Amino acid sequence: MKVLKFGGTSVGSAQRIKDVAKLICDGTQKIVVLSAMSGTTNSLVEISDYLYKKNPDGANDITNKLLLKYIDVINDLYSTQEYKHEAKKLVQKHFDYIRSFVKDLFTLFEEKEILAQGELISTGMMNLYLNEQGVHSVLIPALDYMRTDKNAEPDPTYIKEKLQALLTQNKDAELYITQGYICRNAYGEIDNLQRGGSDYTASLIGAAVQADEIQIWTDIDGMHNNDPRLVEKTSPVRQLHFEEAAELAYFGAKILHPTCILPAKQNNIPVRLLNTMEPNAPGTTISNETEKGKIKAVAAKDNITAIKIKSTRMLLATGFLRKIFETFEKHKTPIDVVTTSEVGVSITIDNCTNLQRIIEDLKQYGTITVDQDLVIVCVVGDMEWENLGFEAKIVSALKDIPVRMISYGGSNYNVSLLVKASDKKKALQALSDHLFING
């Protein structure tokens, strides 16, 4: 069985929903994961913001506008009055639920309930449309099987047990339609998966049913070898190792969230990134296979701060690095890149919320230097140290650009370089020219 996930843009209009229905109706049994229609989640966040501020009129205004959008989609999507009526009844029920929060105390718990309505509506509408077309599809509620534990991490045993039971109850269905992003927490409250959202849902479902393949459908033809918004002549990467995809996702490639790769990797399930607008394009396949000796892609992560701790008195001192890392742990600030010498350590972070407290704590260990407005440029591929020449190619490409840090050796798939934000576009283009276009 395959698991197919479609993002908000892919189901963003009546025509897009019809196009997705054609893609998934090929006579084979599959699980289909849907996001909320594009723009819906942003509107639900705005509604929640008004409710936090105790402005029910503002919330109602956004709610009414969003409802009208759905009514227009319903009129264009369904061909019979019977199904138009059913769809409007479904949508109205969810919008009545949203309005029910106007008079109540509004907290984070209520916000999560409101945010869940987008996925509940999109899946309900898709299921009704498929039924109207004569397809035997069944709605499998994510809130009945997708659960996180007390650490807010997915509970794979619970997910597998409950999902398998739901599939068995509806074993004759051609299509199983379910919601991405939303779940229940360990206390039974409506929650969400946050990191990776619907992609994560698809990967967790794939692992639970031991899927043959997980397909992530978006509006882009796979993962590109550089940022097409900034760089000329980029091209899709047809094959990536799970580690390469994770590095690219973490360091800025927006098409995929790094978290969602892990369940697929652990269960050796290939992930394909495909384009709803060009369904025949090959996209990108992510698996445990490596193309030996090949540099695959470049990505960049913005808003980076570098902190350098220099201390001659700590030279060769036992526990120096431990104290440095414990400082960042104390202030709940993740570290991206680390380089060391005999008398100093340079560290990058992308969250400056506690920067001043971190600096004050680090001063007891040495002299502190801080550089801001930096970018991590990540070059990904088969970076085994026995492979000759790739380091020279990367450094040579940036010969005219100042590099603040270089990190190599922590991964077999990544070389990271720290440059000024003002040099980002120039660095990305230079790497493309040197590694892909002319290389």
# chains A, B, ... in the order shown; residues from 1 in each chain; ligands from 1
call {"tool": "select_by_dssp", "arguments": {"residues": "stretch 208-243 of chain A", "states": "alpha helix (DSSP H)", "output": "list in words"}}
result
Ala208, Val209, Phe242 and Glu243 of chain A
call {"tool": "residues_around", "arguments": {"residues": "stretch 52-66 of chain A", "least_positions_apart": "4", "cutoff": "6 Å", "atoms": "only C-alpha atoms", "output": "list in words"}}
result
Ile47, Val102 and Phe106 of chain A
call {"tool": "residues_around", "arguments": {"residues": "A:Pro236", "least_positions_apart": "6", "cutoff": "7 Å", "atoms": "only C-alpha atoms", "output": "PyMOL selection string"}}
result
chain A and resi 221-225
call {"tool": "closest_residue", "arguments": {"among": "A:Leu193, A:Ile216, A:Leu128, A:Leu167", "to": "A:His85", "atoms": "only C-alpha atoms"}}
result
A:Leu128
call {"tool": "closest_atom_pairs", "arguments": {"of": "stretch 150-214 of chain A", "to": "stretch 20-43 of chain A", "cutoff": "6 Å", "atoms": "only C-alpha atoms", "output": "JSON lines"}}
result
{"residue": "A:Glu174", "atom": "CA", "partner": "A:Gln29", "partner_atom": "CA", "distance": 4.7}
{"residue": "A:Leu175", "atom": "CA", "partner": "A:Lys30", "partner_atom": "CA", "distance": 5.4}
{"residue": "A:Tyr176", "atom": "CA", "partner": "A:Ile31", "partner_atom": "CA", "distance": 4.7}
{"residue": "A:Ile177", "atom": "CA", "partner": "A:Val32", "partner_atom": "CA", "distance": 4.9}
{"residue": "A:Thr178", "atom": "CA", "partner": "A:Val33", "partner_atom": "CA", "distance": 5.0}
{"residue": "A:Gln179", "atom": "CA", "partner": "A:Leu34", "partner_atom": "CA", "distance": 5.3}
{"residue": "A:Gly180", "atom": "CA", "partner": "A:Ser35", "partner_atom": "CA", "distance": 5.4}
call {"tool": "write_last_selection", "arguments": {"atoms": "N, CA, C and O atoms", "output": "compact mmCIF listing (two decimals), in the first residue's frame"}}
result
# COMPACT_ATOMS: atom_id res chain seq x y z
N GLU A 174 -11.49 1.50 -1.37
CA GLU A 174 -10.42 1.75 -2.34
C GLU A 174 -9.46 2.81 -1.81
O GLU A 174 -8.24 2.70 -1.93
N LEU A 175 -10.03 3.86 -1.19
CA LEU A 175 -9.22 4.96 -0.70
C LEU A 175 -9.56 5.25 0.77
O LEU A 175 -10.74 5.26 1.15
N TYR A 176 -8.52 5.49 1.55
CA TYR A 176 -8.68 5.93 2.94
C TYR A 176 -8.22 7.39 3.01
O TYR A 176 -7.06 7.69 2.74
N ILE A 177 -9.13 8.28 3.35
CA ILE A 177 -8.82 9.71 3.42
C ILE A 177 -8.61 10.09 4.89
O ILE A 177 -9.45 9.76 5.74
N THR A 178 -7.52 10.78 5.17
CA THR A 178 -7.26 11.16 6.56
C THR A 178 -6.58 12.52 6.63
O THR A 178 -6.10 13.05 5.62
N GLN A 179 -6.56 13.09 7.83
CA GLN A 179 -6.04 14.43 8.04
C GLN A 179 -4.54 14.41 8.36
O GLN A 179 -4.08 13.55 9.12
N GLY A 180 -3.82 15.34 7.81
CA GLY A 180 -2.45 15.56 8.22
C GLY A 180 -2.41 16.52 9.40
O GLY A 180 -3.42 17.13 9.76
call {"tool": "atom_distance", "arguments": {"atom1": "atom CA of A:Leu90", "atom2": "atom CA of A:Asp72"}}
result
14.3 Å
call {"tool": "closest_atom_pairs", "arguments": {"of": "stretch 146-261 of chain A", "to": "stretch 328-348 of chain A", "cutoff": "12 Å", "atoms": "only C-alpha atoms", "output": "tab-separated table"}}
result
residue	atom	partner	partner_atom	distance
A:Glu247	CA	A:Asp336	CA	11.3
A:Tyr250	CA	A:Asp336	CA	9.6
A:Phe251	CA	A:Asp336	CA	9.2
call {"tool": "closest_residue", "arguments": {"among": "A:Pro154, A:Leu362, A:Ile401, A:Phe109", "to": "A:Phe325", "atoms": "only C-alpha atoms"}}
result
A:Leu362
call {"tool": "residues_around", "arguments": {"residues": "A:Leu262", "least_positions_apart": "6", "cutoff": "9 Å", "atoms": "only C-alpha atoms", "output": "PyMOL selection string"}}
result
chain A and resi 200+203-204+242+246
call {"tool": "select_by_dssp", "arguments": {"residues": "stretch 106-347 of chain A", "states": "strand (DSSP E or B)", "output": "ChimeraX atom specification"}}
result
/A:137-139,147-148,154,175-179,182-184,190-192,213-218,224,236,239-241,271-275,284-287,295-310,338-340,344-347
call {"tool": "write_last_selection", "arguments": {"atoms": "C-alpha atoms", "output": "mmCIF file, in the first residue's frame"}}
result
data_model
loop_
_atom_site.group_PDB
_atom_site.id
_atom_site.type_symbol
_atom_site.label_atom_id
_atom_site.label_comp_id
_atom_site.auth_asym_id
_atom_site.auth_seq_id
_atom_site.Cartn_x
_atom_site.Cartn_y
_atom_site.Cartn_z
ATOM 1 C CA SER A 137 -13.566 6.044 -0.159
ATOM 2 C CA VAL A 138 -13.686 6.113 3.625
ATOM 3 C CA LEU A 139 -12.814 8.894 6.044
ATOM 4 C CA ARG A 147 -1.389 10.427 19.245
ATOM 5 C CA THR A 148 1.643 11.917 20.950
ATOM 6 C CA PRO A 154 4.498 10.471 18.341
ATOM 7 C CA LEU A 175 -9.218 4.960 -0.698
ATOM 8 C CA TYR A 176 -8.683 5.930 2.936
ATOM 9 C CA ILE A 177 -8.822 9.710 3.420
ATOM 10 C CA THR A 178 -7.258 11.163 6.561
ATOM 11 C CA GLN A 179 -6.038 14.432 8.036
ATOM 12 C CA ILE A 182 -3.622 17.082 13.702
ATOM 13 C CA CYS A 183 -3.526 14.546 16.531
ATOM 14 C CA ARG A 184 -4.410 14.037 20.166
ATOM 15 C CA ILE A 190 -6.728 17.932 20.336
ATOM 16 C CA ASP A 191 -3.156 18.855 19.433
ATOM 17 C CA ASN A 192 -0.885 18.930 16.386
ATOM 18 C CA GLU A 213 6.170 4.109 -0.744
ATOM 19 C CA ILE A 214 5.339 7.513 0.715
ATOM 20 C CA GLN A 215 4.531 10.255 -1.793
ATOM 21 C CA ILE A 216 4.651 13.943 -0.843
ATOM 22 C CA TRP A 217 2.759 15.972 -3.465
ATOM 23 C CA THR A 218 3.395 19.733 -3.611
ATOM 24 C CA HIS A 224 16.138 21.396 -6.465
ATOM 25 C CA PRO A 236 15.551 18.952 -9.642
ATOM 26 C CA GLN A 239 17.721 10.805 -6.092
ATOM 27 C CA LEU A 240 18.776 11.568 -2.515
ATOM 28 C CA HIS A 241 19.897 9.498 0.453
ATOM 29 C CA VAL A 271 9.813 8.849 -0.088
ATOM 30 C CA ARG A 272 8.987 10.529 -3.394
ATOM 31 C CA LEU A 273 8.516 14.290 -3.782
ATOM 32 C CA LEU A 274 6.111 14.932 -6.656
ATOM 33 C CA ASN A 275 4.409 17.875 -8.371
ATOM 34 C CA THR A 284 12.790 13.325 -6.259
ATOM 35 C CA THR A 285 13.145 9.879 -4.692
ATOM 36 C CA ILE A 286 14.608 9.686 -1.168
ATOM 37 C CA SER A 287 15.869 6.301 0.024
ATOM 38 C CA ILE A 295 27.618 16.440 -4.850
ATOM 39 C CA LYS A 296 23.835 16.762 -4.930
ATOM 40 C CA ALA A 297 22.613 20.150 -3.779
ATOM 41 C CA VAL A 298 23.137 23.395 -1.890
ATOM 42 C CA ALA A 299 20.850 25.004 0.708
ATOM 43 C CA ALA A 300 21.107 28.025 3.006
ATOM 44 C CA LYS A 301 19.862 28.790 6.491
ATOM 45 C CA ASP A 302 19.292 32.464 7.380
ATOM 46 C CA ASN A 303 19.420 34.528 10.584
ATOM 47 C CA ILE A 304 22.499 32.856 12.014
ATOM 48 C CA THR A 305 24.596 34.215 14.895
ATOM 49 C CA ALA A 306 28.167 33.034 15.543
ATOM 50 C CA ILE A 307 29.616 33.022 19.078
ATOM 51 C CA LYS A 308 33.345 32.553 19.579
ATOM 52 C CA ILE A 309 34.752 31.603 23.003
ATOM 53 C CA LYS A 310 38.536 32.090 23.219
ATOM 54 C CA VAL A 338 30.636 23.894 15.798
ATOM 55 C CA THR A 339 34.329 24.391 14.989
ATOM 56 C CA THR A 340 37.172 24.132 17.502
ATOM 57 C CA GLY A 344 38.783 28.498 21.102
ATOM 58 C CA VAL A 345 35.368 27.276 20.067
ATOM 59 C CA SER A 346 33.033 28.855 17.508
ATOM 60 C CA ILE A 347 29.333 27.974 17.658
#
call {"tool": "atom_distance", "arguments": {"atom1": "atom CA of A:Lys93", "atom2": "atom CA of A:Tyr187"}}
result
25.1 Å
call {"tool": "atom_distance", "arguments": {"atom1": "atom CA of A:Gly118", "atom2": "atom CA of A:Gly283"}}
result
27.4 Å
call {"tool": "residues_around", "arguments": {"residues": "A:Leu388", "least_positions_apart": "5", "cutoff": "10 Å", "atoms": "only C-alpha atoms", "output": "NGL selection string"}}
result
:A and (293 or 383 or 393)
call {"tool": "residues_around", "arguments": {"residues": "A:Ile205", "least_positions_apart": "6", "cutoff": "8 Å", "atoms": "only C-alpha atoms", "output": "ChimeraX atom specification"}}
result
/A:3,159-160
call {"tool": "write_last_selection", "arguments": {"atoms": "N, CA, C and O atoms", "output": "short mmCIF file (atom, residue, chain, number, x, y, z; two decimals), in the first residue's frame"}}
result
data_model
loop_
_atom_site.label_atom_id
_atom_site.label_comp_id
_atom_site.auth_asym_id
_atom_site.auth_seq_id
_atom_site.Cartn_x
_atom_site.Cartn_y
_atom_site.Cartn_z
N VAL A 3 1.19 5.55 0.60
CA VAL A 3 0.64 6.68 1.34
C VAL A 3 0.93 7.93 0.53
O VAL A 3 2.09 8.20 0.18
N ILE A 159 -0.27 4.40 17.50
CA ILE A 159 -0.67 4.77 16.13
C ILE A 159 -0.88 3.52 15.28
O ILE A 159 -1.90 3.39 14.58
N LYS A 160 0.06 2.59 15.34
CA LYS A 160 -0.03 1.37 14.53
C LYS A 160 -1.26 0.54 14.92
O LYS A 160 -2.02 0.09 14.05
#
call {"tool": "closest_residue", "arguments": {"among": "A:Phe95, A:Asn412, A:Gln266, A:Ser13", "to": "A:Asp76", "atoms": "only C-alpha atoms"}}
result
A:Ser13
call {"tool": "closest_residue", "arguments": {"among": "A:Val370, A:Leu398, A:Cys260, A:Cys378", "to": "A:Ser198", "atoms": "only C-alpha atoms"}}
result
A:Cys260
